[in-house]
>>> print(open('target_2.cif').read())   # mmCIF, C-alpha atoms and all ligand atoms
data_work
#
loop_
_atom_site.label_atom_id
_atom_site.label_comp_id
_atom_site.auth_asym_id
_atom_site.auth_seq_id
_atom_site.Cartn_x
_atom_site.Cartn_y
_atom_site.Cartn_z
CA SER A 243 35.78 -103.28 -37.45
CA ARG A 244 39.42 -103.43 -38.51
CA LYS A 245 40.76 -103.87 -35.00
CA TYR A 246 38.83 -107.09 -34.40
CA GLN A 247 38.71 -110.01 -36.78
CA PRO A 248 36.32 -112.95 -36.90
CA PHE A 249 37.66 -116.10 -35.38
CA ALA A 250 38.28 -118.59 -38.19
CA PRO A 251 38.09 -122.15 -36.88
CA ILE A 252 40.53 -124.60 -38.31
CA ALA A 253 38.86 -126.53 -41.14
CA LEU A 254 38.01 -130.01 -39.97
CA ALA A 255 39.33 -132.83 -42.11
CA ASP A 256 35.87 -134.16 -42.90
CA ARG A 257 34.25 -130.78 -43.29
CA THR A 258 35.11 -128.17 -45.88
CA TRP A 259 32.29 -125.63 -45.53
CA PRO A 260 32.84 -122.62 -43.25
CA SER A 261 30.78 -121.94 -40.14
CA ARG A 262 28.24 -119.16 -40.60
CA THR A 263 29.16 -115.79 -39.12
CA ILE A 264 27.37 -112.51 -38.51
CA THR A 265 28.36 -110.07 -41.21
CA ARG A 266 26.50 -106.90 -40.25
CA ALA A 267 24.86 -105.30 -37.25
CA PRO A 268 21.09 -105.74 -37.10
CA ILE A 269 18.59 -102.92 -36.69
CA TRP A 270 18.43 -102.60 -32.91
CA LEU A 271 15.28 -101.89 -30.99
CA SER A 272 15.53 -101.08 -27.31
CA THR A 273 12.53 -102.19 -25.31
CA ASP A 274 14.01 -100.99 -22.02
CA LEU A 275 11.19 -98.51 -21.58
CA ARG A 276 8.47 -101.10 -22.27
CA ASP A 277 9.37 -104.78 -21.66
CA GLY A 278 12.20 -103.77 -19.32
CA ASN A 279 9.99 -101.30 -17.50
CA GLN A 280 7.04 -103.65 -17.05
CA ALA A 281 9.34 -106.12 -15.28
CA LEU A 282 10.46 -103.73 -12.53
CA PHE A 283 9.20 -103.84 -8.95
CA GLU A 284 8.56 -100.17 -9.34
CA PRO A 285 8.06 -99.05 -12.95
CA MET A 286 10.00 -95.94 -13.93
CA ASN A 287 8.37 -92.57 -13.47
CA GLY A 288 8.44 -89.98 -16.27
CA GLU A 289 11.72 -88.49 -15.08
CA ARG A 290 13.56 -91.84 -15.00
CA LYS A 291 12.08 -92.81 -18.36
CA MET A 292 13.39 -89.57 -19.81
CA GLU A 293 16.87 -90.11 -18.40
CA LEU A 294 17.04 -93.61 -19.87
CA TYR A 295 15.45 -92.52 -23.17
CA LEU A 296 18.07 -89.81 -23.66
CA GLU A 297 20.81 -92.33 -22.89
CA LEU A 298 19.36 -94.79 -25.43
CA VAL A 299 19.36 -92.05 -28.05
CA ARG A 300 22.95 -91.17 -27.15
CA ILE A 301 24.02 -94.81 -27.45
CA GLY A 302 22.66 -94.76 -30.99
CA PHE A 303 19.40 -96.73 -30.94
CA LYS A 304 17.37 -95.71 -33.98
CA GLN A 305 14.24 -97.51 -32.80
CA ILE A 306 13.03 -97.28 -29.21
CA GLU A 307 9.88 -98.83 -27.76
CA VAL A 308 8.83 -96.10 -25.37
CA GLY A 309 5.85 -97.67 -23.64
CA PHE A 310 2.29 -98.86 -23.55
CA PRO A 311 0.40 -95.55 -23.61
CA ALA A 312 -3.10 -97.04 -23.70
CA ALA A 313 -2.40 -98.96 -20.51
CA SER A 314 -0.55 -96.36 -18.46
CA GLN A 315 -1.07 -92.63 -17.98
CA THR A 316 2.66 -92.25 -17.20
CA ASP A 317 3.47 -93.77 -20.60
CA TYR A 318 0.82 -91.69 -22.35
CA ASP A 319 2.18 -88.46 -20.87
CA PHE A 320 5.74 -89.52 -21.61
CA VAL A 321 4.98 -90.21 -25.29
CA ARG A 322 3.15 -86.88 -25.61
CA ARG A 323 6.11 -85.09 -24.04
CA LEU A 324 8.54 -86.65 -26.51
CA ILE A 325 6.40 -85.44 -29.41
CA ASP A 326 5.27 -82.07 -28.06
CA GLU A 327 8.75 -81.07 -26.90
CA ASN A 328 10.42 -82.27 -30.08
CA LEU A 329 12.65 -84.77 -28.30
CA ILE A 330 12.74 -87.37 -31.08
CA PRO A 331 15.72 -86.90 -33.41
CA ASP A 332 14.92 -87.16 -37.14
CA ASP A 333 16.72 -90.49 -37.45
CA VAL A 334 15.00 -92.07 -34.43
CA THR A 335 11.60 -93.78 -34.56
CA ILE A 336 9.57 -94.39 -31.43
CA MET A 337 7.44 -97.50 -31.04
CA VAL A 338 4.39 -97.94 -28.81
CA MET A 339 2.70 -101.19 -27.91
CA THR A 340 -0.99 -102.00 -27.79
CA GLN A 341 -3.07 -105.08 -27.23
CA SER A 342 -5.47 -106.14 -29.97
CA ARG A 343 -8.48 -104.18 -28.73
CA GLU A 344 -10.22 -101.40 -30.64
CA ASP A 345 -10.40 -98.92 -27.74
CA LEU A 346 -6.72 -99.48 -26.90
CA ILE A 347 -5.67 -99.06 -30.54
CA ASP A 348 -7.63 -95.78 -30.72
CA ARG A 349 -5.98 -94.43 -27.58
CA THR A 350 -2.56 -95.50 -28.89
CA VAL A 351 -3.06 -93.64 -32.16
CA GLU A 352 -4.11 -90.61 -30.14
CA ALA A 353 -0.95 -90.89 -28.01
CA VAL A 354 1.41 -90.74 -31.00
CA ARG A 355 -0.63 -88.29 -33.09
CA GLY A 356 1.62 -85.65 -34.63
CA ALA A 357 4.84 -87.66 -34.56
CA GLN A 358 6.84 -87.56 -37.77
CA ARG A 359 7.03 -91.37 -37.79
CA ALA A 360 5.75 -94.04 -35.42
CA ILE A 361 5.74 -97.79 -35.13
CA VAL A 362 2.59 -99.19 -33.57
CA HIS A 363 3.17 -102.64 -32.11
CA ILE A 364 0.12 -104.91 -32.14
CA TYR A 365 0.36 -108.39 -30.71
CA ASN A 366 -1.70 -111.42 -29.81
CA ALA A 367 -0.71 -114.85 -28.56
CA VAL A 368 -0.80 -117.73 -31.05
CA ALA A 369 0.50 -120.84 -29.24
CA PRO A 370 -1.86 -123.74 -28.38
CA ALA A 371 -1.70 -123.33 -24.59
CA TRP A 372 -2.67 -119.66 -24.83
CA ARG A 373 -5.39 -120.33 -27.43
CA LYS A 374 -6.86 -123.06 -25.30
CA ILE A 375 -6.28 -121.92 -21.71
CA VAL A 376 -6.09 -118.14 -21.86
CA PHE A 377 -8.39 -117.06 -24.72
CA ASN A 378 -10.51 -120.09 -25.53
CA MET A 379 -10.12 -119.43 -29.26
CA ASP A 380 -9.59 -121.76 -32.19
CA VAL A 381 -7.17 -120.98 -35.03
CA PRO A 382 -9.75 -119.34 -37.36
CA GLN A 383 -10.84 -117.08 -34.47
CA VAL A 384 -7.22 -116.03 -33.91
CA MET A 385 -6.90 -115.15 -37.61
CA ALA A 386 -10.14 -113.16 -37.48
CA LEU A 387 -8.83 -111.26 -34.45
CA VAL A 388 -5.63 -110.31 -36.31
CA GLU A 389 -7.52 -109.28 -39.45
CA HIS A 390 -10.01 -107.17 -37.52
CA HIS A 391 -7.52 -105.26 -35.38
CA VAL A 392 -4.90 -104.62 -38.03
CA SER A 393 -7.67 -103.33 -40.35
CA HIS A 394 -8.98 -101.17 -37.52
CA PHE A 395 -5.52 -99.72 -36.96
CA ARG A 396 -5.14 -99.10 -40.68
CA MET A 397 -8.43 -97.20 -40.75
CA GLN A 398 -7.55 -95.10 -37.68
CA SER A 399 -4.00 -94.32 -38.79
CA ASP A 400 -5.18 -93.34 -42.29
CA LYS A 401 -6.96 -90.42 -40.63
CA HIS A 402 -3.55 -88.94 -39.71
CA PRO A 403 -1.51 -88.84 -42.92
CA GLU A 404 0.94 -86.32 -41.39
CA THR A 405 2.56 -89.28 -39.58
CA GLU A 406 4.41 -92.07 -41.33
CA TRP A 407 2.84 -95.15 -39.72
CA ILE A 408 4.66 -98.45 -39.52
CA LEU A 409 2.97 -101.56 -38.23
CA GLN A 410 4.82 -104.05 -36.08
CA TYR A 411 2.95 -107.30 -35.69
CA SER A 412 4.10 -109.86 -33.09
CA PRO A 413 2.64 -113.35 -32.93
CA GLU A 414 3.26 -113.50 -29.19
CA THR A 415 4.41 -116.97 -27.99
CA PHE A 416 5.78 -117.63 -31.50
CA SER A 417 8.48 -120.07 -30.37
CA SER A 418 5.87 -122.25 -28.63
CA ALA A 419 3.45 -122.25 -31.58
CA GLU A 420 3.03 -124.35 -34.72
CA LEU A 421 4.95 -122.66 -37.55
CA ASP A 422 2.03 -122.76 -39.98
CA VAL A 423 -0.24 -121.00 -37.45
CA SER A 424 2.37 -118.28 -36.81
CA LEU A 425 2.90 -117.84 -40.55
CA ALA A 426 -0.84 -117.60 -41.19
CA ALA A 427 -1.21 -114.96 -38.45
CA CYS A 428 1.68 -112.92 -39.91
CA GLN A 429 0.35 -113.20 -43.48
CA THR A 430 -3.08 -112.10 -42.24
CA ALA A 431 -1.50 -109.00 -40.68
CA ILE A 432 0.56 -108.35 -43.84
CA LYS A 433 -2.56 -108.52 -46.03
CA ALA A 434 -4.75 -106.43 -43.72
CA TRP A 435 -2.05 -103.75 -43.52
CA GLY A 436 -1.73 -103.76 -47.32
CA VAL A 437 2.05 -104.10 -47.33
CA ASN A 438 3.94 -102.60 -50.26
CA ALA A 439 7.08 -100.53 -50.79
CA ASN A 440 5.40 -97.55 -49.09
CA ARG A 441 3.55 -99.38 -46.33
CA LYS A 442 6.10 -101.02 -44.14
CA ILE A 443 5.65 -103.84 -41.70
CA ILE A 444 7.88 -105.34 -39.06
CA ILE A 445 7.18 -108.97 -38.28
CA ASN A 446 8.55 -109.56 -34.80
CA LEU A 447 9.02 -113.16 -33.69
CA PRO A 448 9.43 -113.61 -29.93
CA THR A 449 10.56 -116.40 -27.70
CA THR A 450 8.00 -115.06 -25.26
CA VAL A 451 9.10 -117.98 -23.11
CA GLU A 452 12.42 -119.45 -24.25
CA ASN A 453 11.68 -123.14 -24.52
CA ALA A 454 14.27 -124.77 -26.80
CA THR A 455 17.92 -124.67 -27.73
CA ALA A 456 19.06 -121.69 -29.77
CA ASN A 457 19.48 -123.72 -32.98
CA VAL A 458 15.80 -124.73 -32.84
CA PHE A 459 14.77 -121.07 -32.63
CA ALA A 460 17.11 -120.34 -35.55
CA ASP A 461 15.43 -123.09 -37.56
CA GLN A 462 12.05 -121.49 -36.85
CA ILE A 463 13.37 -118.08 -37.96
CA GLU A 464 14.93 -119.50 -41.11
CA TRP A 465 11.64 -121.19 -42.02
CA MET A 466 9.73 -117.92 -41.56
CA HIS A 467 12.42 -116.04 -43.50
CA ARG A 468 11.89 -118.41 -46.42
CA HIS A 469 8.08 -118.40 -46.34
CA LEU A 470 7.05 -114.82 -45.53
CA VAL A 471 5.88 -112.80 -48.55
CA PRO A 472 6.56 -110.21 -49.84
CA ARG A 473 9.87 -110.71 -48.02
CA GLU A 474 11.43 -107.60 -49.57
CA HIS A 475 8.89 -105.34 -47.83
CA ILE A 476 9.11 -107.07 -44.47
CA VAL A 477 11.59 -106.33 -41.72
CA LEU A 478 12.09 -109.64 -39.92
CA SER A 479 12.67 -109.04 -36.24
CA VAL A 480 13.34 -111.27 -33.24
CA HIS A 481 12.55 -110.72 -29.58
CA PRO A 482 14.35 -113.35 -27.50
CA HIS A 483 13.76 -113.81 -23.80
CA ASN A 484 16.29 -115.56 -21.64
CA ASP A 485 14.44 -118.27 -19.69
CA ARG A 486 17.04 -120.93 -20.54
CA GLY A 487 19.91 -118.46 -20.26
CA THR A 488 20.50 -118.68 -24.02
CA GLY A 489 18.89 -115.45 -25.21
CA VAL A 490 22.13 -114.09 -26.66
CA ALA A 491 22.84 -117.35 -28.52
CA ALA A 492 19.26 -117.41 -29.82
CA ALA A 493 19.61 -113.88 -31.17
CA GLU A 494 22.98 -114.59 -32.76
CA PHE A 495 21.73 -117.76 -34.44
CA ALA A 496 18.57 -115.94 -35.54
CA MET A 497 20.66 -113.25 -37.25
CA MET A 498 22.57 -115.95 -39.09
CA ALA A 499 19.22 -117.49 -40.06
CA GLY A 500 17.78 -114.35 -41.68
CA ALA A 501 16.67 -111.91 -38.97
CA ASP A 502 17.21 -108.23 -39.81
CA ARG A 503 16.39 -106.74 -36.45
CA VAL A 504 16.74 -107.56 -32.75
CA GLU A 505 14.72 -106.32 -29.79
CA GLY A 506 16.23 -106.41 -26.31
CA CYS A 507 17.22 -104.50 -23.20
CA LEU A 508 20.42 -103.11 -21.71
CA PHE A 509 22.06 -105.67 -19.42
CA GLY A 510 19.22 -108.14 -20.04
CA ASN A 511 16.48 -106.45 -18.05
CA GLY A 512 12.95 -107.67 -18.86
CA GLU A 513 10.26 -110.12 -17.82
CA ARG A 514 11.42 -113.12 -15.67
CA CYS A 515 15.02 -113.92 -16.76
CA GLY A 516 15.02 -110.88 -18.96
CA ASN A 517 14.98 -109.88 -22.58
CA VAL A 518 18.10 -110.60 -24.57
CA ASP A 519 20.99 -108.45 -23.31
CA ILE A 520 21.76 -105.95 -26.04
CA VAL A 521 25.07 -104.94 -24.47
CA THR A 522 26.51 -108.46 -24.67
CA LEU A 523 24.99 -109.10 -28.06
CA ALA A 524 26.29 -105.85 -29.52
CA LEU A 525 29.80 -106.17 -28.12
CA ASN A 526 29.98 -109.84 -29.18
CA MET A 527 29.86 -108.47 -32.74
CA TYR A 528 33.51 -107.50 -32.41
CA THR A 529 34.40 -111.20 -32.31
CA GLN A 530 32.81 -111.36 -35.76
CA GLY A 531 34.84 -108.38 -36.96
CA VAL A 532 31.64 -106.31 -37.11
CA HIS A 533 31.08 -102.88 -35.57
CA PRO A 534 27.82 -102.98 -33.57
CA GLN A 535 26.78 -99.43 -34.53
CA LEU A 536 26.02 -98.66 -30.90
CA ASP A 537 28.25 -96.53 -28.72
CA PHE A 538 29.41 -98.35 -25.60
CA SER A 539 32.69 -96.46 -25.41
CA ASP A 540 31.86 -95.47 -21.82
CA ILE A 541 30.29 -98.70 -20.62
CA THR A 542 30.63 -97.78 -16.95
CA SER A 543 28.49 -94.71 -17.38
CA VAL A 544 25.87 -96.73 -19.35
CA ALA A 545 25.78 -99.26 -16.51
CA ARG A 546 25.42 -96.60 -13.83
CA ILE A 547 22.53 -94.89 -15.68
CA ALA A 548 20.76 -98.23 -16.22
CA GLU A 549 21.23 -99.12 -12.56
CA GLU A 550 19.90 -95.78 -11.43
CA CYS A 551 16.84 -95.95 -13.68
CA THR A 552 15.92 -99.59 -13.06
CA SER A 553 17.24 -100.00 -9.49
CA LEU A 554 18.77 -103.29 -10.65
CA PRO A 555 22.52 -103.87 -10.22
CA VAL A 556 24.79 -104.97 -13.08
CA HIS A 557 26.50 -108.18 -11.98
CA PRO A 558 30.27 -107.76 -11.38
CA ARG A 559 30.92 -110.55 -13.90
CA HIS A 560 28.47 -109.29 -16.51
CA PRO A 561 30.17 -109.68 -19.92
CA TYR A 562 32.01 -106.51 -20.93
CA ALA A 563 30.42 -104.33 -18.25
CA GLY A 564 30.91 -105.93 -14.84
CA ASP A 565 33.40 -104.44 -12.42
CA LEU A 566 35.51 -107.63 -12.51
CA VAL A 567 35.66 -108.45 -16.20
CA PHE A 568 38.98 -106.76 -16.90
CA THR A 569 40.74 -108.20 -13.90
CA ALA A 570 43.04 -111.20 -13.86
CA PHE A 571 43.67 -112.86 -10.53
CA SER A 572 45.75 -115.82 -11.60
CA GLY A 573 49.48 -115.42 -12.09
CA SER A 574 49.68 -117.18 -15.43
CA HIS A 575 46.90 -115.02 -16.85
CA GLN A 576 48.58 -111.88 -15.56
CA ASP A 577 51.85 -112.91 -17.12
CA ALA A 578 50.21 -113.60 -20.49
CA ILE A 579 48.32 -110.31 -20.40
CA LYS A 580 51.49 -108.42 -19.58
CA LYS A 581 53.24 -109.99 -22.56
CA GLY A 582 50.19 -109.26 -24.72
CA PHE A 583 50.13 -105.57 -23.86
CA GLY A 584 53.88 -105.42 -24.51
CA ALA A 585 53.47 -106.92 -27.96
CA GLN A 586 50.28 -105.07 -28.97
CA ALA A 587 50.97 -102.35 -31.56
CA ALA A 588 48.49 -99.48 -31.45
CA ASP A 589 46.99 -100.01 -34.91
CA ALA A 590 47.26 -103.81 -35.09
CA VAL A 591 44.51 -106.39 -34.80
CA TRP A 592 43.70 -106.90 -31.10
CA GLU A 593 45.58 -109.92 -29.79
CA VAL A 594 46.03 -109.70 -26.03
CA PRO A 595 45.57 -113.14 -24.40
CA TYR A 596 42.59 -113.54 -22.07
CA LEU A 597 41.12 -110.18 -23.06
CA PRO A 598 38.64 -110.58 -25.91
CA ILE A 599 38.32 -106.83 -26.26
CA ASP A 600 40.53 -103.83 -25.56
CA PRO A 601 39.24 -102.39 -22.25
CA ALA A 602 40.03 -98.93 -23.61
CA ASP A 603 37.33 -99.38 -26.28
CA LEU A 604 34.78 -99.50 -23.48
CA GLY A 605 36.27 -96.61 -21.57
CA ARG A 606 37.81 -98.97 -19.04
CA THR A 607 41.39 -98.39 -18.06
CA TYR A 608 44.19 -100.85 -17.73
CA ASP A 609 44.34 -99.93 -14.05
CA SER A 610 41.91 -102.63 -13.18
CA VAL A 611 43.40 -105.27 -15.44
CA ILE A 612 46.01 -106.60 -13.07
CA ARG A 613 45.25 -107.23 -9.45
CA VAL A 614 47.53 -108.95 -7.03
CA ASN A 615 46.36 -111.51 -4.49
CA SER A 616 47.58 -114.86 -3.20
CA GLN A 617 46.93 -116.45 -6.62
CA SER A 618 49.10 -113.99 -8.54
CA GLY A 619 52.48 -114.61 -10.02
CA LYS A 620 55.45 -112.41 -10.81
CA GLY A 621 53.96 -111.18 -14.13
CA GLY A 622 51.18 -109.14 -12.59
CA ILE A 623 53.35 -107.83 -9.80
CA SER A 624 56.12 -106.59 -12.09
CA PHE A 625 53.52 -105.14 -14.48
CA LEU A 626 51.99 -103.04 -11.71
CA MET A 627 55.38 -101.98 -10.33
CA GLU A 628 56.51 -100.86 -13.77
CA ARG A 629 53.29 -99.12 -14.81
CA GLU A 630 52.43 -97.42 -11.55
CA HIS A 631 55.86 -96.77 -10.06
CA GLY A 632 58.27 -96.92 -13.00
CA VAL A 633 60.21 -99.78 -11.35
CA VAL A 634 61.63 -102.24 -13.89
CA MET A 635 62.79 -105.25 -11.90
CA PRO A 636 65.42 -107.66 -13.24
CA ARG A 637 64.11 -111.22 -13.62
CA ARG A 638 65.71 -112.58 -10.44
CA MET A 639 64.30 -109.71 -8.45
CA GLN A 640 60.83 -110.35 -9.93
CA VAL A 641 60.93 -113.92 -8.62
CA GLU A 642 62.28 -112.86 -5.24
CA PHE A 643 59.84 -110.01 -4.77
CA SER A 644 56.88 -112.13 -5.86
CA ASN A 645 57.78 -114.55 -3.02
CA VAL A 646 57.69 -111.64 -0.59
CA VAL A 647 54.30 -110.57 -1.94
CA GLN A 648 53.01 -114.15 -1.78
CA ARG A 649 53.93 -114.45 1.91
CA GLN A 650 52.15 -111.19 2.66
CA THR A 651 48.96 -112.03 0.73
CA ASP A 652 48.90 -115.56 2.16
CA THR A 653 48.81 -114.07 5.66
CA SER A 654 46.51 -111.12 4.99
CA GLU A 655 44.25 -113.04 2.54
CA THR A 656 43.52 -109.74 0.83
CA GLU A 657 44.32 -108.19 -2.49
CA MET A 658 47.24 -105.74 -2.85
CA THR A 659 46.95 -102.44 -4.64
CA GLY A 660 49.81 -100.89 -6.60
CA ASP A 661 50.45 -98.53 -3.67
CA ALA A 662 50.60 -101.39 -1.17
CA LEU A 663 53.06 -103.18 -3.45
CA TRP A 664 55.23 -100.10 -3.49
CA THR A 665 55.18 -99.86 0.32
CA LEU A 666 56.26 -103.50 0.54
CA PHE A 667 58.93 -103.01 -2.11
CA ASP A 668 60.21 -99.96 -0.27
CA ALA A 669 60.32 -101.83 3.05
CA THR A 670 62.03 -104.84 1.45
CA TYR A 671 64.72 -103.17 -0.64
CA LEU A 672 65.03 -99.48 0.06
CA THR A 673 64.53 -98.57 3.70
CA THR A 674 66.26 -101.55 5.25
O1 LIG B 1 7.81 -111.40 -25.09
C1 LIG B 1 6.91 -111.11 -25.88
O2 LIG B 1 6.29 -111.96 -26.53
C2 LIG B 1 6.56 -109.71 -26.00
C3 LIG B 1 5.68 -109.42 -27.15
C4 LIG B 1 4.56 -108.59 -26.85
C5 LIG B 1 6.50 -109.09 -28.35
O3 LIG B 1 7.05 -108.87 -25.27
ZN ZN B 2 8.90 -109.69 -24.35
#
>>> encode(input="target_2.cif", output="structure tokens")
Amino acid sequence: SRKYQPFAPIALADRTWPSRTITRAPIWLSTDLRDGNQALFEPMNGERKMELYLELVRIGFKQIEVGFPAASQTDYDFVRRLIDENLIPDDVTIMVMTQSREDLIDRTVEAVRGAQRAIVHIYNAVAPAWRKIVFNMDVPQVMALVEHHVSHFRMQSDKHPETEWILQYSPETFSSAELDVSLAACQTAIKAWGVNANRKIIINLPTTVENATANVFADQIEWMHRHLVPREHIVLSVHPHNDRGTGVAAAEFAMMAGADRVEGCLFGNGERCGNVDIVTLALNMYTQGVHPQLDFSDITSVARIAEECTSLPVHPRHPYAGDLVFTAFSGSHQDAIKKGFGAQAADAVWEVPYLPIDPADLGRTYDSVIRVNSQSGKGGISFLMEREHGVVMPRRMQVEFSNVVQRQTDTSETEMTGDALWTLFDATYLTT
């Protein structure tokens, strides 16, 4: 992205190597219709799922996890509708999840039968607490479970050669597990699937429960990246949750550590504290000078559709998307922003103080950038007067008028719109 350039920290005297950066967008997978959906008070019905699915396609997701068809009739019918009504564009691949159980795998294969291409997502937990408390299984039993169910899926999918089948294997609870156990589970899946250039596999490593700092997760990903074989036929994916509030950082570090793909949800919906927020993660790419390859050029409409489908509000201070993120209440910020807009040439690298991104790139207008309240200074006031009413005030008048505004906002304790400013200006200078 030419308009945005990576921030280059000043080289420290005792350190000559550069910080790592993200150099390309990952493959994105939206799990809004699966992990996001399963975390709602009221899971989406078919109609809502369709509305969100079509929006995800429009945004540009090439991989979309559409549900858990063996566990829900709504999901089964939804998947069938996508296939039967030809609603999957050629460059989009749907993914469906199933637990490691023969009958569920069979029903899943039946659900996606006839699709041009499909990713089937098989998972089982690998961490000690789950082995011991939930499944009462030792490590060899976990490996046998993986071998058996991946082989079963291979046998069932081979019966339908008209579909290009891709296996996604997730060692659920990866970030809480011993690395050698996770690696052994993944290698078992890779072998049972018979991975080669024509039989693809996605190895998806989740922080099912985020339990460490983001650099520790990145270390785990880097270790897997170095040990998985045959690495060239494996897509290495991550699936961060946000229990510590560091899901975005975990995903960013993981990309720098070797991950090719990221799974997440719009605005961080998902179990407990959510899946990683793909909106923030994608738009953060601009600070690396990288285009995210997703279209958020009308972020307000994306937010409204997500809110309607999930019944969850987007926080007003949500990065990039919240109603308040392109506002500046303090006078010094307003002044700096005003100067920044004045100096910003249309085709130059973006360099407006306090605004990490051009609001126009997200379909937001400058209208909401400057607001005037008791904390504002003359910069914001004169900016609004000039932009909305064509009034260019001389410097002395700016100071004088800002005092008038200050007195008014101090008393009313409310914010002033451009129109209210004009009324006050008119009463102060024109009609008296
Ligand atoms: O969070 C998780 O571990 C999952 C898996 C099934 C990938 O959602
Ligand atoms: Zn998850």
>>> residues_around(input="target_2.cif", residues="Val532 (chain A)", least_positions_apart="3", cutoff="12 Å", atoms="all atoms listed in the file", output="VMD selection string")
chain A and resid 243 to 249 263 to 268 523 to 529 535 to 536
>>> closest_residue(input="target_2.cif", among="A:Met339, A:Ile443, A:Ile301, A:Val368", to="Ala426 (chain A)", atoms="all atoms listed in the file")
A:Val368
>>> closest_atom_pairs(input="target_2.cif", of="chain A", to="ligand ZN 2 (chain B)", cutoff="8 Å", atoms="all atoms listed in the file", output="CSV")
residue,atom,partner,partner_atom,distance
A:Asp277,CA,B:ZN2,ZN,5.6
A:Pro448,CA,B:ZN2,ZN,6.8
A:Thr449,CA,B:ZN2,ZN,7.7
A:Thr450,CA,B:ZN2,ZN,5.5
A:His481,CA,B:ZN2,ZN,6.5
A:Pro482,CA,B:ZN2,ZN,7.3
A:His483,CA,B:ZN2,ZN,6.4
A:Gly512,CA,B:ZN2,ZN,7.1
A:Glu513,CA,B:ZN2,ZN,6.7
A:Asn517,CA,B:ZN2,ZN,6.3
>>> closest_residue(input="target_2.cif", among="A:Phe320, A:Phe643, A:Phe495, A:Tyr295", to="Arg262 (chain A)", atoms="all atoms listed in the file")
A:Phe495
>>> closest_residue(input="target_2.cif", among="A:Ile541, A:Lys433, A:Gly584, A:Val647", to="Arg629 (chain A)", atoms="only C-alpha atoms")
A:Gly584
>>> residues_near_point(input="target_2.cif", point="(7.9, -116.0, -46.4)", cutoff="12 Å", atoms="only C-alpha atoms", output="JSON, numbers by chain")
{"A": [421, 422, 424, 425, 426, 428, 429, 432, 445, 462, 463, 464, 465, 466, 467, 468, 469, 470, 471, 472, 473, 474, 475, 476, 477, 478, 500]}
>>> write_last_selection(input="target_2.cif", atoms="C-alpha atoms", output="PDB file, in the frame of the given file")
ATOM      1  CA  LEU A 421       4.950-122.660 -37.550  1.00  0.00           C
ATOM      2  CA  ASP A 422       2.030-122.760 -39.980  1.00  0.00           C
ATOM      3  CA  SER A 424       2.370-118.280 -36.810  1.00  0.00           C
ATOM      4  CA  LEU A 425       2.900-117.840 -40.550  1.00  0.00           C
ATOM      5  CA  ALA A 426      -0.840-117.600 -41.190  1.00  0.00           C
ATOM      6  CA  CYS A 428       1.680-112.920 -39.910  1.00  0.00           C
ATOM      7  CA  GLN A 429       0.350-113.200 -43.480  1.00  0.00           C
ATOM      8  CA  ILE A 432       0.560-108.350 -43.840  1.00  0.00           C
ATOM      9  CA  ILE A 445       7.180-108.970 -38.280  1.00  0.00           C
ATOM     10  CA  GLN A 462      12.050-121.490 -36.850  1.00  0.00           C
ATOM     11  CA  ILE A 463      13.370-118.080 -37.960  1.00  0.00           C
ATOM     12  CA  GLU A 464      14.930-119.500 -41.110  1.00  0.00           C
ATOM     13  CA  TRP A 465      11.640-121.190 -42.020  1.00  0.00           C
ATOM     14  CA  MET A 466       9.730-117.920 -41.560  1.00  0.00           C
ATOM     15  CA  HIS A 467      12.420-116.040 -43.500  1.00  0.00           C
ATOM     16  CA  ARG A 468      11.890-118.410 -46.420  1.00  0.00           C
ATOM     17  CA  HIS A 469       8.080-118.400 -46.340  1.00  0.00           C
ATOM     18  CA  LEU A 470       7.050-114.820 -45.530  1.00  0.00           C
ATOM     19  CA  VAL A 471       5.880-112.800 -48.550  1.00  0.00           C
ATOM     20  CA  PRO A 472       6.560-110.210 -49.840  1.00  0.00           C
ATOM     21  CA  ARG A 473       9.870-110.710 -48.020  1.00  0.00           C
ATOM     22  CA  GLU A 474      11.430-107.600 -49.570  1.00  0.00           C
ATOM     23  CA  HIS A 475       8.890-105.340 -47.830  1.00  0.00           C
ATOM     24  CA  ILE A 476       9.110-107.070 -44.470  1.00  0.00           C
ATOM     25  CA  VAL A 477      11.590-106.330 -41.720  1.00  0.00           C
ATOM     26  CA  LEU A 478      12.090-109.640 -39.920  1.00  0.00           C
ATOM     27  CA  GLY A 500      17.780-114.350 -41.680  1.00  0.00           C
TER      28      GLY A 500
END
>>> residues_around(input="target_2.cif", residues="region 399-409 of chain A", least_positions_apart="2", cutoff="7 Å", atoms="all atoms listed in the file", output="ChimeraX atom specification")
/A:351,356-363,395-397,411,441-444
>>> atom_distance(input="target_2.cif", atom1="CA of Ala431 (chain A)", atom2="CA of Asp319 (chain A)")
28.8 Å
>>> residues_around(input="target_2.cif", residues="Pro331 (chain A)", least_positions_apart="2", cutoff="12 Å", atoms="only C-alpha atoms", output="ChimeraX atom specification")
/A:295-296,298-300,302-306,324-325,327-329,333-336,357-359
>>> residues_around(input="target_2.cif", residues="Thr455 (chain A)", least_positions_apart="4", cutoff="8 Å", atoms="all atoms listed in the file", output="CSV table (one decimal) with C-alpha atoms, in the frame of the given file")
chain,number,residue,atom,x,y,z
A,459,PHE,CA,14.8,-121.1,-32.6
A,488,THR,CA,20.5,-118.7,-24.0
A,492,ALA,CA,19.3,-117.4,-29.8
